[in-house]
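Have a look at protein02.pdb below; it lists PDB, C-alpha atoms and all ligand atoms.
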```pdb
MODEL        1
ATOM      1  CA  MET A   1       0.000   0.000   0.000
ATOM      2  CA  LYS A   2       1.426   3.363  -1.009
ATOM      3  CA  ASN A   3       0.845   6.479   1.002
ATOM      4  CA  SER A   4       1.529  10.160   0.562
ATOM      5  CA  LYS A   5       1.941  11.280   4.167
ATOM      6  CA  PHE A   6       5.256   9.838   5.321
ATOM      7  CA  ARG A   7       8.436   8.279   4.096
ATOM      8  CA  ILE A   8      10.448   5.326   5.336
ATOM      9  CA  VAL A   9      14.069   6.130   6.232
ATOM     10  CA  PRO A  10      16.321   3.051   6.163
ATOM     11  CA  LEU A  11      19.802   3.023   7.684
ATOM     12  CA  ALA A  12      22.190   5.278   5.750
ATOM     13  CA  THR A  13      24.411   3.463   3.273
ATOM     14  CA  ASP A  14      27.574   4.986   4.755
ATOM     15  CA  VAL A  15      26.645   3.639   8.212
ATOM     16  CA  ALA A  16      26.249   0.129   6.753
ATOM     17  CA  ALA A  17      29.522   0.463   4.823
ATOM     18  CA  THR A  18      31.368   1.641   7.947
ATOM     19  CA  ALA A  19      29.964  -1.302   9.927
ATOM     20  CA  ARG A  20      31.279  -3.712   7.261
ATOM     21  CA  ARG A  21      34.723  -2.076   7.369
ATOM     22  CA  VAL A  22      34.887  -2.091  11.161
ATOM     23  CA  ALA A  23      33.725  -5.715  11.298
ATOM     24  CA  ALA A  24      36.433  -6.676   8.801
ATOM     25  CA  SER A  25      39.024  -5.082  11.100
ATOM     26  CA  GLY A  26      37.983  -7.487  13.865
ATOM     27  CA  ALA A  27      36.477  -4.956  16.271
ATOM     28  CA  PRO A  28      34.917  -6.857  19.189
ATOM     29  CA  ASP A  29      31.680  -4.840  19.123
ATOM     30  CA  HIS A  30      31.022  -5.759  15.484
ATOM     31  CA  ALA A  31      30.125  -9.453  15.456
ATOM     32  CA  MET A  32      29.837 -11.534  12.298
ATOM     33  CA  VAL A  33      26.946 -13.960  12.565
ATOM     34  CA  VAL A  34      25.212 -16.335  10.171
ATOM     35  CA  ALA A  35      21.428 -16.124  10.048
ATOM     36  CA  ASP A  36      20.116 -19.515  11.137
ATOM     37  CA  SER A  37      16.383 -18.852  10.917
ATOM     38  CA  PRO A  38      14.081 -16.755   8.770
ATOM     39  CA  GLY A  39      12.503 -13.795  10.541
ATOM     40  CA  GLY A  40      15.200 -13.325  13.156
ATOM     41  CA  PHE A  41      17.820 -11.201  11.422
ATOM     42  CA  PRO A  42      16.384  -7.986   9.994
ATOM     43  CA  CYS A  43      18.785  -5.932   7.847
ATOM     44  CA  ARG A  44      18.304  -2.203   8.574
ATOM     45  CA  HIS A  45      19.709  -1.198   5.201
ATOM     46  CA  CYS A  46      17.626  -3.228   2.708
ATOM     47  CA  LEU A  47      14.774  -3.647   5.271
ATOM     48  CA  ARG A  48      14.223  -7.337   4.811
ATOM     49  CA  TYR A  49      14.880 -10.396   6.913
ATOM     50  CA  ALA A  50      18.027 -12.340   6.098
ATOM     51  CA  GLN A  51      17.595 -15.756   4.553
ATOM     52  CA  ALA A  52      19.048 -18.619   6.578
ATOM     53  CA  GLY A  53      22.745 -18.860   5.738
ATOM     54  CA  GLU A  54      23.300 -15.168   4.966
ATOM     55  CA  ARG A  55      26.135 -13.517   6.884
ATOM     56  CA  MET A  56      25.160 -10.527   9.015
ATOM     57  CA  ILE A  57      27.028  -7.952  11.075
ATOM     58  CA  LEU A  58      25.671  -7.193  14.546
ATOM     59  CA  PHE A  59      26.796  -3.838  15.923
ATOM     60  CA  PRO A  60      25.602  -1.033  18.233
ATOM     61  CA  TYR A  61      23.785   1.912  16.691
ATOM     62  CA  ALA A  62      22.677   5.105  18.444
ATOM     63  CA  ALA A  63      19.211   5.660  17.002
ATOM     64  CA  ILE A  64      18.691   8.416  19.602
ATOM     65  CA  PRO A  65      21.983  10.317  19.891
ATOM     66  CA  ALA A  66      23.882  10.871  23.138
ATOM     67  CA  GLY A  67      23.111  13.919  25.245
ATOM     68  CA  HIS A  68      19.365  13.439  25.710
ATOM     69  CA  PRO A  69      17.301  11.731  28.419
ATOM     70  CA  TYR A  70      16.078   9.203  25.846
ATOM     71  CA  SER A  71      19.545   8.595  24.354
ATOM     72  CA  GLU A  72      19.691   5.002  23.231
ATOM     73  CA  SER A  73      22.241   2.807  21.553
ATOM     74  CA  GLY A  74      21.426  -0.778  20.752
ATOM     75  CA  PRO A  75      22.234  -3.742  18.535
ATOM     76  CA  ILE A  76      21.229  -3.837  14.887
ATOM     77  CA  PHE A  77      22.005  -6.128  11.955
ATOM     78  CA  VAL A  78      23.129  -5.297   8.444
ATOM     79  CA  HIS A  79      24.025  -7.725   5.694
ATOM     80  CA  ALA A  80      27.763  -8.482   5.675
ATOM     81  CA  GLU A  81      27.721  -8.282   1.880
ATOM     82  CA  PRO A  82      26.740  -4.967   0.280
ATOM     83  CA  CYS A  83      22.963  -4.834  -0.228
ATOM     84  CA  GLU A  84      20.664  -2.368  -1.922
ATOM     85  CA  ARG A  85      19.230   0.324   0.376
ATOM     86  CA  TYR A  86      15.447   0.035   0.674
ATOM     87  CA  HIS A  87      14.081   2.355  -1.975
ATOM     88  CA  ALA A  88      10.274   1.994  -1.792
ATOM     89  CA  THR A  89      10.216   4.759   0.789
ATOM     90  CA  ASP A  90       6.517   5.442   0.190
ATOM     91  CA  GLU A  91       5.612   1.895   1.219
ATOM     92  CA  PHE A  92       5.779   0.321   4.660
ATOM     93  CA  PRO A  93       8.305  -2.552   4.346
ATOM     94  CA  ALA A  94       6.393  -5.809   3.987
ATOM     95  CA  ASP A  95       8.652  -7.808   6.298
ATOM     96  CA  PHE A  96       7.858  -5.587   9.297
ATOM     97  CA  ARG A  97       4.084  -5.337   9.274
ATOM     98  CA  LYS A  98       4.029  -7.425  12.453
ATOM     99  CA  GLY A  99       6.069  -7.414  15.646
ATOM    100  CA  ARG A 100       6.869  -3.690  15.697
ATOM    101  CA  VAL A 101       6.161  -0.866  18.081
ATOM    102  CA  MET A 102       5.947   2.681  16.732
ATOM    103  CA  ARG A 103       7.543   5.291  18.977
ATOM    104  CA  ALA A 104       6.929   8.987  18.380
ATOM    105  CA  TYR A 105       9.607  11.527  19.360
ATOM    106  CA  ASN A 106       9.636  15.306  19.449
ATOM    107  CA  SER A 107      12.410  17.467  18.046
ATOM    108  CA  ASN A 108      14.351  17.169  21.325
ATOM    109  CA  TYR A 109      14.376  13.352  20.982
ATOM    110  CA  ASP A 110      11.902  12.933  23.861
ATOM    111  CA  MET A 111       9.593   9.978  23.383
ATOM    112  CA  ILE A 112       6.078  11.395  23.470
ATOM    113  CA  ASP A 113       3.947   8.397  22.492
ATOM    114  CA  ALA A 114       4.201   4.754  21.463
ATOM    115  CA  GLU A 115       1.839   2.187  20.048
ATOM    116  CA  VAL A 116       2.202  -1.493  19.232
ATOM    117  CA  VAL A 117       1.272  -2.623  15.740
ATOM    118  CA  ASN A 118      -0.938  -5.508  16.660
ATOM    119  CA  GLY A 119      -2.471  -6.817  13.501
ATOM    120  CA  ASP A 120      -3.570  -3.317  12.517
ATOM    121  CA  ALA A 121      -2.327  -1.447   9.505
ATOM    122  CA  PRO A 122       0.920   0.216  10.610
ATOM    123  CA  GLU A 123       0.148   3.087   8.224
ATOM    124  CA  ALA A 124      -2.866   4.145  10.302
ATOM    125  CA  ILE A 125      -0.832   4.142  13.521
ATOM    126  CA  ILE A 126       1.985   6.142  11.916
ATOM    127  CA  GLU A 127      -0.443   8.694  10.519
ATOM    128  CA  LYS A 128      -2.110   9.059  13.905
ATOM    129  CA  LEU A 129       1.248   9.659  15.626
ATOM    130  CA  LEU A 130       2.288  12.141  12.938
ATOM    131  CA  GLU A 131      -0.951  14.053  13.390
ATOM    132  CA  LYS A 132       0.384  15.342  16.703
ATOM    133  CA  PRO A 133       2.095  18.629  15.844
ATOM    134  CA  GLU A 134       4.936  17.937  18.286
ATOM    135  CA  THR A 135       5.890  14.650  16.626
ATOM    136  CA  ALA A 136       9.204  15.116  14.793
ATOM    137  CA  PHE A 137       9.640  11.489  13.701
ATOM    138  CA  VAL A 138       8.515   7.961  14.474
ATOM    139  CA  ASP A 139      10.849   5.016  15.062
ATOM    140  CA  ALA A 140       9.849   1.430  14.334
ATOM    141  CA  ARG A 141      11.357  -1.010  16.818
ATOM    142  CA  SER A 142      11.038  -4.690  17.615
ATOM    143  CA  VAL A 143       8.223  -5.167  20.081
ATOM    144  CA  THR A 144       9.996  -8.148  21.671
ATOM    145  CA  HIS A 145      13.696  -7.252  21.564
ATOM    146  CA  GLY A 146      13.306  -3.472  21.474
ATOM    147  CA  CYS A 147      15.862  -3.089  18.690
ATOM    148  CA  TYR A 148      15.695  -0.109  16.343
ATOM    149  CA  THR A 149      14.444  -1.095  12.883
ATOM    150  CA  PHE A 150      13.905   2.091  10.860
ATOM    151  CA  ARG A 151      12.716   5.706  11.050
ATOM    152  CA  ILE A 152       9.605   7.300   9.584
ATOM    153  CA  GLN A 153       9.430  10.984   8.710
ATOM    154  CA  ARG A 154       6.734  13.278   7.428
ATOM    155  CA  LEU A 155       6.871  14.000   3.737
TER     156      LEU A 155
HETATM  157 ZN    ZN B 201      20.560  -5.819   3.664
ENDMDL
END
```

Taking this structure as input, can you express it in the form of structure tokens?
Amino acid sequence: MKNSKFRIVPLATDVAATARRVAASGAPDHAMVVADSPGGFPCRHCLRYAQAGERMILFPYAAIPAGHPYSESGPIFVHAEPCERYHATDEFPADFRKGRVMRAYNSNYDMIDAEVVNGDAPEAIIEKLLEKPETAFVDARSVTHGCYTFRIQRL
């Protein structure tokens, strides 16, 4: 389903490329893992789950930058091999229609609201959160593990 009110913001390509370089240098906080199940290893760059057998890099990413009460750094995966950045930014990524919580933040990175996508259309929840004038952006995170998945901004 396409929409005209928001856009999906996947992880920046230079962040993924840096993670691959740092992992190759053997840094202990950049782990190389092999996906061993479907649906457990979401790549934040191409916004799809890894197939079993694909190599992934697990590394910490500060979705909410340091210096704020809600500052948060946590583990995310990217494909170990270069992948294509998600480009259908007017469509909610199909792999993440379930199991996500949508968190709304203001321009000071304070979390001001959050809602679990629980079988509902995530688009409706995002639009509702963006209707609040103070909402600066919405982050999609794993409802179980809490990990950052991608950002959503107003068009
Ligand atoms: Zn990928």

Where does range 59-131 of chain A meet range 45-50 of chain A within 10 Å, residue by residue, with the nearest atom pair and distance in Å to one decimal for each, counting all atoms listed in the file, listed by chain and rising number, as a Markdown table?
```
| residue | atom | partner | partner_atom | distance |
| --- | --- | --- | --- | --- |
| A:Phe77 | CA | A:His45 | CA | 8.7 |
| A:Val78 | CA | A:His45 | CA | 6.2 |
| A:His79 | CA | A:Ala50 | CA | 7.6 |
| A:Pro82 | CA | A:His45 | CA | 9.4 |
| A:Cys83 | CA | A:Cys46 | CA | 6.3 |
| A:Glu84 | CA | A:Cys46 | CA | 5.6 |
| A:Arg85 | CA | A:Cys46 | CA | 4.5 |
| A:Tyr86 | CA | A:Cys46 | CA | 4.4 |
| A:His87 | CA | A:Cys46 | CA | 8.1 |
| A:Phe92 | CA | A:Leu47 | CA | 9.9 |
| A:Pro93 | CA | A:Leu47 | CA | 6.6 |
| A:Ala94 | CA | A:Arg48 | CA | 8.0 |
| A:Asp95 | CA | A:Arg48 | CA | 5.8 |
| A:Phe96 | CA | A:Arg48 | CA | 8.0 |
```

For Arg103 in chain A, find every residue with an atom within 6 Å (counting all atoms listed in the file), except residues of its own chain fewer than 6 positions away, and show them as an mmCIF file with C-alpha atoms, in the frame of the given file.
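Wrote result.cif, looks like this:
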```cif
data_model
loop_
_atom_site.group_PDB
_atom_site.id
_atom_site.type_symbol
_atom_site.label_atom_id
_atom_site.label_comp_id
_atom_site.auth_asym_id
_atom_site.auth_seq_id
_atom_site.Cartn_x
_atom_site.Cartn_y
_atom_site.Cartn_z
ATOM 1 C CA ASP A 113 3.947 8.397 22.492
ATOM 2 C CA ALA A 114 4.201 4.754 21.463
ATOM 3 C CA VAL A 138 8.515 7.961 14.474
ATOM 4 C CA ASP A 139 10.849 5.016 15.062
#
```

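Closest to Lys5 in chain A among A:Glu123, A:Lys132, A:Ser107, A:Arg151 is A:Glu123, based on only C-alpha atoms.
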
Can you translate the PyMOL selection byres (((chain A and resi 69-71) around 10) and not hetatm) into the concrete residues it hits in this file, as a ChimeraX atom specification? /A:62-68,72-73,105,108-111

Here is a test: counting all atoms listed in the file, which residue of A:Arg20, A:Arg141, A:Arg7, A:Lys98 is nearest to Asn118 in chain A?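 With all atoms listed in the file as the atom set, the closest residue is A:Lys98.
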
Quote the spacing between CA of Glu91 in chain A and CA of Val15 in chain A in Å to one decimal place. 22.2 Å

Excluding range 25-38 of chain A and residues on its chain fewer than 5 positions from it, collect all residues at most 9 Å away from it, counting all atoms listed in the file, and give them as a PyMOL selection string. chain A and resi 19-20+49-60+80

Selection result for the PyMOL selection byres (((chain A and resi 143) around 10) and not hetatm) on this file, as a PDB file with C-alpha atoms, in the coordinates of the input:
```
ATOM      1  CA  LYS A  98       4.029  -7.425  12.453  1.00  0.00           C
ATOM      2  CA  GLY A  99       6.069  -7.414  15.646  1.00  0.00           C
ATOM      3  CA  ARG A 100       6.869  -3.690  15.697  1.00  0.00           C
ATOM      4  CA  VAL A 101       6.161  -0.866  18.081  1.00  0.00           C
ATOM      5  CA  MET A 102       5.947   2.681  16.732  1.00  0.00           C
ATOM      6  CA  GLU A 115       1.839   2.187  20.048  1.00  0.00           C
ATOM      7  CA  VAL A 116       2.202  -1.493  19.232  1.00  0.00           C
ATOM      8  CA  VAL A 117       1.272  -2.623  15.740  1.00  0.00           C
ATOM      9  CA  ASN A 118      -0.938  -5.508  16.660  1.00  0.00           C
ATOM     10  CA  ALA A 140       9.849   1.430  14.334  1.00  0.00           C
ATOM     11  CA  ARG A 141      11.357  -1.010  16.818  1.00  0.00           C
ATOM     12  CA  SER A 142      11.038  -4.690  17.615  1.00  0.00           C
ATOM     13  CA  THR A 144       9.996  -8.148  21.671  1.00  0.00           C
ATOM     14  CA  HIS A 145      13.696  -7.252  21.564  1.00  0.00           C
ATOM     15  CA  GLY A 146      13.306  -3.472  21.474  1.00  0.00           C
ATOM     16  CA  CYS A 147      15.862  -3.089  18.690  1.00  0.00           C
ATOM     17  CA  TYR A 148      15.695  -0.109  16.343  1.00  0.00           C
TER      18      TYR A 148
END
```

Could you work out how far CA of Thr18 in chain A lies from CA of Tyr61 in chain A, giving the answer in Å with one decimal?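 Distance reported for this atom pair: 11.6 Å.
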
Which residue is closest to ligand ZN 201 (chain B)? Choose from A:Glu81, A:Glu127, A:Asp120, A:Asp90 and count all atoms listed in the file.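 Looking at the shortest contact to ligand ZN 201 (chain B), the residue is A:Glu81.
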
Between CA of Thr89 in chain A and CA of Phe6 in chain A, measure the distance and give it in Å to one decimal.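 A separation of 8.4 Å between them.
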